[in-house]
>>> print(open('coords-v3.cif').read())   # mmCIF, C-alpha atoms
data_entry
loop_
_atom_site.label_atom_id
_atom_site.label_comp_id
_atom_site.auth_asym_id
_atom_site.auth_seq_id
_atom_site.Cartn_x
_atom_site.Cartn_y
_atom_site.Cartn_z
CA GLN A 1 0.00 0.00 0.00
CA LYS A 2 1.37 3.34 -1.03
CA GLU A 3 1.60 5.66 1.93
CA VAL A 4 2.55 9.18 2.79
CA GLU A 5 3.39 9.71 6.44
CA GLN A 6 3.39 12.95 8.35
CA ASN A 7 3.79 13.81 11.98
CA SER A 8 0.30 14.87 12.99
CA GLY A 9 1.61 17.36 15.50
CA PRO A 10 0.43 19.72 16.76
CA LEU A 11 3.55 21.70 16.06
CA SER A 12 3.84 25.05 17.76
CA VAL A 13 6.40 27.70 16.89
CA PRO A 14 6.71 31.33 18.00
CA GLU A 15 6.04 34.10 15.53
CA GLY A 16 9.09 34.84 13.41
CA ALA A 17 10.61 31.39 13.86
CA ILE A 18 11.20 28.74 11.21
CA ALA A 19 8.58 25.99 11.07
CA SER A 20 9.80 22.64 9.73
CA LEU A 21 7.30 20.12 8.43
CA ASN A 22 8.34 16.63 7.41
CA CYS A 23 6.91 13.91 5.22
CA THR A 24 8.03 10.45 4.08
CA TYR A 25 6.62 8.37 1.27
CA SER A 26 6.73 4.69 0.49
CA ASP A 27 6.31 4.58 -3.29
CA ARG A 28 9.70 4.93 -4.95
CA GLY A 29 7.88 5.52 -8.23
CA SER A 30 6.46 8.82 -7.00
CA GLN A 31 7.56 11.62 -9.27
CA SER A 32 6.09 14.83 -7.92
CA PHE A 33 5.42 16.07 -4.44
CA PHE A 34 3.08 18.73 -3.21
CA TRP A 35 2.45 20.79 -0.13
CA TYR A 36 -1.04 22.08 0.53
CA ARG A 37 -2.29 24.28 3.33
CA GLN A 38 -5.74 23.71 4.76
CA TYR A 39 -7.38 26.11 7.14
CA SER A 40 -10.05 24.72 9.45
CA GLY A 41 -13.30 24.25 7.57
CA LYS A 42 -11.76 25.13 4.22
CA SER A 43 -10.43 23.16 1.28
CA PRO A 44 -6.71 22.67 0.60
CA GLU A 45 -4.79 25.33 -1.26
CA LEU A 46 -1.55 24.64 -3.09
CA ILE A 47 1.61 26.07 -1.59
CA MET A 48 4.16 24.54 -3.92
CA PHE A 49 5.32 21.42 -5.68
CA ILE A 50 8.73 19.86 -6.17
CA TYR A 51 9.99 17.05 -8.37
CA SER A 52 13.78 17.41 -8.40
CA ASN A 53 16.13 16.52 -5.59
CA GLY A 54 17.24 19.52 -3.61
CA ASP A 55 15.58 22.73 -2.52
CA LYS A 56 12.94 24.86 -4.13
CA GLU A 57 12.16 28.27 -2.71
CA ASP A 58 9.04 30.39 -3.10
CA GLY A 59 8.90 33.42 -0.88
CA ARG A 60 8.96 32.34 2.75
CA PHE A 61 8.49 28.70 1.80
CA THR A 62 11.20 26.20 0.90
CA ALA A 63 10.45 22.65 -0.13
CA GLN A 64 13.19 20.04 0.12
CA LEU A 65 13.20 16.66 -1.62
CA ASN A 66 15.50 13.72 -1.04
CA LYS A 67 14.42 10.83 -3.25
CA ALA A 68 17.08 8.47 -1.90
CA SER A 69 15.66 8.87 1.59
CA GLN A 70 12.08 9.20 0.31
CA TYR A 71 11.74 12.36 2.31
CA VAL A 72 10.07 15.69 1.64
CA SER A 73 10.02 18.70 3.88
CA LEU A 74 8.61 22.20 3.98
CA LEU A 75 10.28 25.07 5.76
CA ILE A 76 8.34 28.20 6.58
CA ARG A 77 10.56 31.14 7.43
CA ASP A 78 9.43 34.12 9.51
CA SER A 79 6.30 32.22 10.55
CA GLN A 80 3.20 34.31 11.04
CA PRO A 81 0.02 33.57 13.02
CA SER A 82 -1.78 33.45 9.66
CA ASP A 83 0.34 30.39 8.80
CA SER A 84 -1.51 28.44 11.50
CA ALA A 85 -3.21 25.65 9.58
CA THR A 86 -2.94 21.99 8.71
CA TYR A 87 -0.27 21.24 6.12
CA LEU A 88 -0.83 18.31 3.80
CA CYS A 89 1.94 16.52 1.98
CA ALA A 90 1.01 14.63 -1.19
CA ALA A 91 2.87 12.40 -3.63
CA SER A 92 1.97 11.70 -7.24
CA GLY A 93 2.25 8.08 -8.26
CA SER A 94 2.23 6.15 -11.51
CA ALA A 95 -1.53 6.56 -11.85
CA ARG A 96 -1.03 10.33 -11.48
CA GLN A 97 -3.35 10.39 -8.51
CA LEU A 98 -2.22 12.14 -5.37
CA THR A 99 -1.75 10.23 -2.15
CA PHE A 100 -2.14 12.53 0.83
CA GLY A 101 -0.64 12.32 4.25
CA SER A 102 -2.82 12.86 7.28
CA GLY A 103 -1.50 16.40 7.72
CA THR A 104 0.49 18.29 10.33
CA GLN A 105 -1.30 20.89 12.40
CA LEU A 106 0.84 24.00 12.81
CA THR A 107 0.20 26.74 15.33
CA VAL A 108 2.22 29.95 15.20
CA LEU A 109 2.09 31.69 18.54
CA PRO A 110 2.05 35.52 18.52
CA GLY B 1 -5.40 31.07 -12.92
CA ALA B 2 -6.43 27.47 -12.12
CA VAL B 3 -9.63 28.32 -10.29
CA VAL B 4 -12.12 25.61 -9.37
CA SER B 5 -15.60 26.36 -8.10
CA GLN B 6 -18.12 24.17 -6.33
CA HIS B 7 -21.82 24.56 -5.82
CA PRO B 8 -23.48 24.53 -3.41
CA SER B 9 -21.08 25.42 -0.61
CA TRP B 10 -23.36 23.77 1.90
CA VAL B 11 -26.54 21.74 1.82
CA ILE B 12 -28.87 20.27 4.40
CA CYS B 13 -31.22 17.54 3.29
CA LYS B 14 -33.51 14.91 4.70
CA SER B 15 -32.52 11.27 4.83
CA GLY B 16 -33.46 9.45 1.65
CA THR B 17 -33.17 12.41 -0.70
CA SER B 18 -30.55 12.91 -3.41
CA VAL B 19 -28.11 15.79 -3.56
CA LYS B 20 -26.15 16.99 -6.57
CA ILE B 21 -22.84 18.83 -6.22
CA GLU B 22 -21.26 20.64 -9.16
CA CYS B 23 -17.57 21.19 -9.72
CA ARG B 24 -16.36 23.59 -12.39
CA SER B 25 -12.96 24.58 -13.68
CA LEU B 26 -13.33 28.29 -14.43
CA ASP B 27 -10.23 29.21 -16.41
CA PHE B 28 -8.91 25.94 -17.77
CA GLN B 29 -10.16 22.75 -19.31
CA ALA B 30 -9.95 19.79 -17.00
CA THR B 31 -10.00 16.38 -18.61
CA THR B 32 -9.61 14.85 -15.17
CA MET B 33 -11.33 15.82 -11.95
CA PHE B 34 -11.29 14.14 -8.57
CA TRP B 35 -13.81 13.83 -5.78
CA TYR B 36 -12.72 13.61 -2.17
CA ARG B 37 -14.50 13.28 1.12
CA GLN B 38 -13.17 14.54 4.40
CA PHE B 39 -14.56 13.75 7.83
CA PRO B 40 -13.73 16.01 10.80
CA LYS B 41 -10.13 15.80 11.96
CA GLN B 42 -9.28 13.34 9.18
CA SER B 43 -7.36 13.65 5.96
CA LEU B 44 -8.71 13.68 2.44
CA MET B 45 -10.06 10.41 1.13
CA LEU B 46 -10.20 10.00 -2.62
CA MET B 47 -13.61 8.73 -3.70
CA ALA B 48 -13.30 8.65 -7.46
CA THR B 49 -11.49 9.94 -10.51
CA SER B 50 -13.70 11.56 -13.10
CA ASN B 51 -12.59 11.60 -16.74
CA GLU B 52 -14.38 13.70 -19.33
CA GLY B 53 -16.49 11.58 -21.64
CA SER B 54 -15.93 8.30 -19.85
CA LYS B 55 -17.03 6.48 -16.73
CA ALA B 56 -15.56 7.46 -13.41
CA THR B 57 -13.08 5.23 -11.63
CA TYR B 58 -14.12 4.59 -8.05
CA GLU B 59 -11.81 3.80 -5.16
CA GLN B 60 -12.23 0.57 -3.28
CA GLY B 61 -15.12 0.71 -0.85
CA VAL B 62 -16.93 3.58 -2.58
CA GLU B 63 -20.37 2.59 -3.85
CA LYS B 64 -20.66 3.74 -7.44
CA ASP B 65 -24.45 3.36 -7.41
CA LYS B 66 -24.68 5.66 -4.42
CA PHE B 67 -22.19 8.28 -5.53
CA LEU B 68 -22.98 9.00 -9.17
CA ILE B 69 -20.36 10.97 -11.06
CA ASN B 70 -20.85 12.61 -14.43
CA HIS B 71 -18.15 14.49 -16.32
CA ALA B 72 -20.01 15.62 -19.39
CA SER B 73 -17.78 18.53 -20.38
CA LEU B 74 -14.20 19.69 -19.98
CA THR B 75 -15.21 22.17 -17.29
CA LEU B 76 -17.94 20.41 -15.32
CA SER B 77 -18.16 17.32 -13.17
CA THR B 78 -21.08 16.49 -10.92
CA LEU B 79 -21.38 14.22 -7.90
CA THR B 80 -24.83 13.02 -6.94
CA VAL B 81 -25.28 11.45 -3.54
CA THR B 82 -28.32 9.24 -3.95
CA SER B 83 -30.60 8.29 -1.07
CA ALA B 84 -28.43 10.18 1.36
CA HIS B 85 -28.23 9.04 4.97
CA PRO B 86 -26.76 10.73 8.06
CA GLU B 87 -23.53 8.76 7.70
CA ASP B 88 -23.01 10.49 4.33
CA SER B 89 -22.71 13.83 6.12
CA SER B 90 -19.24 15.08 5.31
CA PHE B 91 -17.16 17.70 3.53
CA TYR B 92 -17.03 16.87 -0.18
CA ILE B 93 -14.23 18.49 -2.15
CA CYS B 94 -13.48 18.29 -5.84
CA SER B 95 -10.21 19.00 -7.55
CA ALA B 96 -9.06 19.34 -11.11
CA ARG B 97 -5.80 18.91 -12.96
CA ASP B 98 -4.70 21.65 -15.32
CA PRO B 99 -3.10 19.87 -18.28
CA ALA B 100 -1.41 23.11 -19.31
CA GLY B 101 -0.03 23.90 -15.86
CA ALA B 102 3.60 23.95 -14.76
CA SER B 103 3.05 20.56 -13.17
CA THR B 104 0.41 18.48 -14.89
CA ASP B 105 -0.05 16.42 -11.74
CA THR B 106 -0.99 19.45 -9.66
CA GLN B 107 -4.55 19.34 -8.40
CA TYR B 108 -6.44 22.55 -7.72
CA PHE B 109 -9.22 22.23 -5.21
CA GLY B 110 -12.68 23.68 -5.15
CA PRO B 111 -13.91 25.32 -1.95
CA GLY B 112 -15.83 22.23 -0.90
CA THR B 113 -19.44 21.37 -0.12
CA ARG B 114 -20.54 20.63 3.39
CA LEU B 115 -23.35 18.09 3.34
CA THR B 116 -25.53 17.51 6.37
CA VAL B 117 -28.14 14.77 6.18
CA LEU B 118 -30.81 14.91 8.84
#
>>> encode(input="coords-v3.cif", output="structure tokens")
Amino acid sequence: QKEVEQNSGPLSVPEGAIASLNCTYSDRGSQSFFWYRQYSGKSPELIMFIYSNGDKEDGRFTAQLNKASQYVSLLIRDSQPSDSATYLCAASGSARQLTFGSGTQLTVLP
Amino acid sequence: GAVVSQHPSWVICKSGTSVKIECRSLDFQATTMFWYRQFPKQSLMLMATSNEGSKATYEQGVEKDKFLINHASLTLSTLTVTSAHPEDSSFYICSARDPAGASTDTQYFGPGTRLTVL
């Protein structure tokens, strides 16, 4: 069974700190990886995707991918209270469907 | 770009009635759309993959006769919950892939429909 695992948290960081969210996946055939943010009661919104080993930066967000370790992470710099949400990691498999992790709940404390 | 809408945003119905939810891609053509269900405090569960002009592919355990999916055009997919019961109460979310996007596997989500069956 193809799985995406995330630490459910909750993860709390002070405002201005770096939040680090981690994700592992079991399907070595996964090609693309996605981070979504989901506020309570809302649908997921795309933060960024990554498909090459290494880092990819977009504003305050940096995604990191290590295919050898089957590991994806998301760093949020200068965390703001508005970043408080559940962060979903997803992997795209051979069927091009997305397999989602259970999400990590992040709280940024003012 | 890549905006997906859903209608209605919420619906309350009596047990035994049917409810139709629409999912539209507003600024792109989506050959493939997906339907998810999310219960409180749980992650997204894929129900089915909807392909334009063909039958939907349902995930294991999802009753295709209960959750009818129609994808009649490149911008519209509908989910009909037939003979709804209280256990069908959930947050239903659709998503669509933009074949012209930077990542063709990226799914863009609609705002979701909260269904409550009394």
>>> resolve_selection(input="coords-v3.cif", expression="the PyMOL selection byres ((chain A) within 12 of (chain B))", output="ChimeraX atom specification")
/A:4-6,8,30-51,86-105
>>> atom_distance(input="coords-v3.cif", atom1="atom CA of B:Lys55", atom2="atom CA of B:Met33")
11.9 Å
>>> atom_distance(input="coords-v3.cif", atom1="atom CA of B:Ser73", atom2="atom CA of B:Ala100")
17.0 Å
>>> closest_residue(input="coords-v3.cif", among="A:Thr107, A:Ser52, A:Asn7, A:Thr62", to="A:Ser82", atoms="all atoms listed in the file")
A:Thr107
>>> resolve_selection(input="coords-v3.cif", expression="the PyMOL selection byres ((chain A and resi 61) around 7)", output="list in words")
Glu57, Asp58, Gly59, Arg60, Thr62, Ala63, Leu74, Leu75, Ile76 and Arg77 of chain A
>>> residues_around(input="coords-v3.cif", residues="B:Thr17", least_positions_apart="4", cutoff="7 Å", atoms="all atoms listed in the file", output="PDB file with C-alpha atoms, in the coordinates of the input")
ATOM      1  CA  CYS B  13     -31.220  17.540   3.290  1.00  0.00           C
ATOM      2  CA  THR B  82     -28.320   9.240  -3.950  1.00  0.00           C
ATOM      3  CA  SER B  83     -30.600   8.290  -1.070  1.00  0.00           C
ATOM      4  CA  ALA B  84     -28.430  10.180   1.360  1.00  0.00           C
TER       5      ALA B  84
END
>>> resolve_selection(input="coords-v3.cif", expression="the PyMOL selection byres ((chain A and resi 23) around 6)", output="PyMOL selection string")
chain A and resi 5-6+22+24+71-73
>>> residues_around(input="coords-v3.cif", residues="A:Gln80", least_positions_apart="4", cutoff="7 Å", atoms="all atoms listed in the file", output="list in words")
Glu15, Gly16 and Val108 of chain A
>>> atom_distance(input="coords-v3.cif", atom1="atom CA of B:Leu118", atom2="atom CA of B:Trp10")
13.5 Å
>>> closest_residue(input="coords-v3.cif", among="B:Ser25, B:Arg37, B:Thr78, B:Ser54", to="B:Leu115", atoms="all atoms listed in the file")
B:Arg37
>>> closest_residue(input="coords-v3.cif", among="A:Ser79, A:Asn53, A:Ser84, A:Ser20", to="A:Lys67", atoms="all atoms listed in the file")
A:Asn53
>>> closest_residue(input="coords-v3.cif", among="A:Asp55, A:Ala85, A:Ser69, A:Gly9", to="A:Arg28", atoms="all atoms listed in the file")
A:Ser69
>>> closest_residue(input="coords-v3.cif", among="B:Ala30, B:Val4, B:Leu68, B:Ala96", to="B:Thr80", atoms="only C-alpha atoms")
B:Leu68
>>> residues_near_point(input="coords-v3.cif", point="(-11.4, 23.2, -15.1)", cutoff="8 Å", atoms="all atoms listed in the file", output="short mmCIF file (atom, residue, chain, number, x, y, z; two decimals) with C-alpha atoms, in the coordinates of the input")
data_model
loop_
_atom_site.label_atom_id
_atom_site.label_comp_id
_atom_site.auth_asym_id
_atom_site.auth_seq_id
_atom_site.Cartn_x
_atom_site.Cartn_y
_atom_site.Cartn_z
CA ALA B 2 -6.43 27.47 -12.12
CA VAL B 3 -9.63 28.32 -10.29
CA VAL B 4 -12.12 25.61 -9.37
CA ARG B 24 -16.36 23.59 -12.39
CA SER B 25 -12.96 24.58 -13.68
CA LEU B 26 -13.33 28.29 -14.43
CA ASP B 27 -10.23 29.21 -16.41
CA PHE B 28 -8.91 25.94 -17.77
CA GLN B 29 -10.16 22.75 -19.31
CA ALA B 30 -9.95 19.79 -17.00
CA THR B 31 -10.00 16.38 -18.61
CA LEU B 74 -14.20 19.69 -19.98
CA THR B 75 -15.21 22.17 -17.29
CA LEU B 76 -17.94 20.41 -15.32
CA ALA B 96 -9.06 19.34 -11.11
CA ARG B 97 -5.80 18.91 -12.96
CA ASP B 98 -4.70 21.65 -15.32
#
>>> closest_residue(input="coords-v3.cif", among="B:Gly16, B:Val81, B:Ser50, B:Gln6", to="B:Glu63", atoms="only C-alpha atoms")
B:Val81
>>> build_atoms(input="coords-v3.cif", residues="stretch 28-51 of chain B", atoms="N, CA, C and O atoms", output="short mmCIF file (atom, residue, chain, number, x, y, z; two decimals), in the coordinates of the input")
data_model
loop_
_atom_site.label_atom_id
_atom_site.label_comp_id
_atom_site.auth_asym_id
_atom_site.auth_seq_id
_atom_site.Cartn_x
_atom_site.Cartn_y
_atom_site.Cartn_z
N PHE B 28 -9.68 26.95 -17.05
CA PHE B 28 -8.91 25.94 -17.77
C PHE B 28 -9.82 24.75 -18.05
O PHE B 28 -10.89 24.61 -17.44
N GLN B 29 -9.39 23.94 -18.97
CA GLN B 29 -10.16 22.75 -19.31
C GLN B 29 -9.57 21.56 -18.56
O GLN B 29 -8.39 21.29 -18.66
N ALA B 30 -10.40 20.89 -17.85
CA ALA B 30 -9.95 19.79 -17.00
C ALA B 30 -10.46 18.46 -17.54
O ALA B 30 -11.65 18.15 -17.41
N THR B 31 -9.58 17.70 -18.14
CA THR B 31 -10.00 16.38 -18.61
C THR B 31 -10.18 15.42 -17.44
O THR B 31 -10.89 14.43 -17.56
N THR B 32 -9.52 15.72 -16.33
CA THR B 32 -9.61 14.85 -15.17
C THR B 32 -9.95 15.66 -13.93
O THR B 32 -9.30 16.67 -13.66
N MET B 33 -10.96 15.22 -13.22
CA MET B 33 -11.33 15.82 -11.95
C MET B 33 -11.40 14.71 -10.92
O MET B 33 -11.55 13.53 -11.26
N PHE B 34 -11.29 15.09 -9.66
CA PHE B 34 -11.29 14.14 -8.57
C PHE B 34 -12.32 14.55 -7.52
O PHE B 34 -12.55 15.74 -7.30
N TRP B 35 -12.89 13.57 -6.87
CA TRP B 35 -13.81 13.83 -5.78
C TRP B 35 -13.27 13.20 -4.51
O TRP B 35 -12.90 12.02 -4.47
N TYR B 36 -13.21 14.03 -3.47
CA TYR B 36 -12.72 13.61 -2.17
C TYR B 36 -13.82 13.80 -1.13
O TYR B 36 -14.73 14.61 -1.29
N ARG B 37 -13.64 13.10 -0.04
CA ARG B 37 -14.50 13.28 1.12
C ARG B 37 -13.59 13.43 2.32
O ARG B 37 -12.55 12.76 2.42
N GLN B 38 -13.98 14.31 3.22
CA GLN B 38 -13.17 14.54 4.40
C GLN B 38 -14.07 14.62 5.62
O GLN B 38 -14.94 15.50 5.71
N PHE B 39 -13.84 13.72 6.56
CA PHE B 39 -14.56 13.75 7.83
C PHE B 39 -13.75 14.60 8.81
O PHE B 39 -12.54 14.80 8.63
N PRO B 40 -14.41 15.12 9.85
CA PRO B 40 -13.73 16.01 10.80
C PRO B 40 -12.45 15.38 11.36
O PRO B 40 -12.43 14.21 11.72
N LYS B 41 -11.42 16.18 11.40
CA LYS B 41 -10.13 15.80 11.96
C LYS B 41 -9.44 14.68 11.18
O LYS B 41 -8.48 14.10 11.68
N GLN B 42 -9.91 14.39 9.99
CA GLN B 42 -9.28 13.34 9.18
C GLN B 42 -8.76 13.93 7.88
O GLN B 42 -9.09 15.06 7.51
N SER B 43 -7.92 13.16 7.21
CA SER B 43 -7.36 13.65 5.96
C SER B 43 -8.32 13.39 4.80
O SER B 43 -9.38 12.79 4.96
N LEU B 44 -7.91 13.86 3.63
CA LEU B 44 -8.71 13.68 2.44
C LEU B 44 -8.74 12.21 2.03
O LEU B 44 -7.72 11.54 2.03
N MET B 45 -9.92 11.75 1.65
CA MET B 45 -10.06 10.41 1.13
C MET B 45 -10.57 10.49 -0.30
O MET B 45 -11.65 11.01 -0.55
N LEU B 46 -9.79 9.99 -1.23
CA LEU B 46 -10.20 10.00 -2.62
C LEU B 46 -11.37 9.05 -2.82
O LEU B 46 -11.29 7.88 -2.44
N MET B 47 -12.44 9.56 -3.41
CA MET B 47 -13.61 8.73 -3.70
C MET B 47 -13.54 8.18 -5.13
O MET B 47 -13.79 7.01 -5.35
N ALA B 48 -13.24 9.08 -6.06
CA ALA B 48 -13.30 8.65 -7.46
C ALA B 48 -12.55 9.64 -8.33
O ALA B 48 -12.35 10.80 -7.98
N THR B 49 -12.12 9.13 -9.48
CA THR B 49 -11.49 9.94 -10.51
C THR B 49 -12.47 10.06 -11.66
O THR B 49 -12.99 9.04 -12.16
N SER B 50 -12.71 11.28 -12.07
CA SER B 50 -13.70 11.56 -13.10
C SER B 50 -12.99 12.00 -14.38
O SER B 50 -12.24 12.97 -14.36
N ASN B 51 -13.20 11.27 -15.46
CA ASN B 51 -12.59 11.60 -16.74
C ASN B 51 -13.67 12.05 -17.72
O ASN B 51 -14.70 11.39 -17.87
#
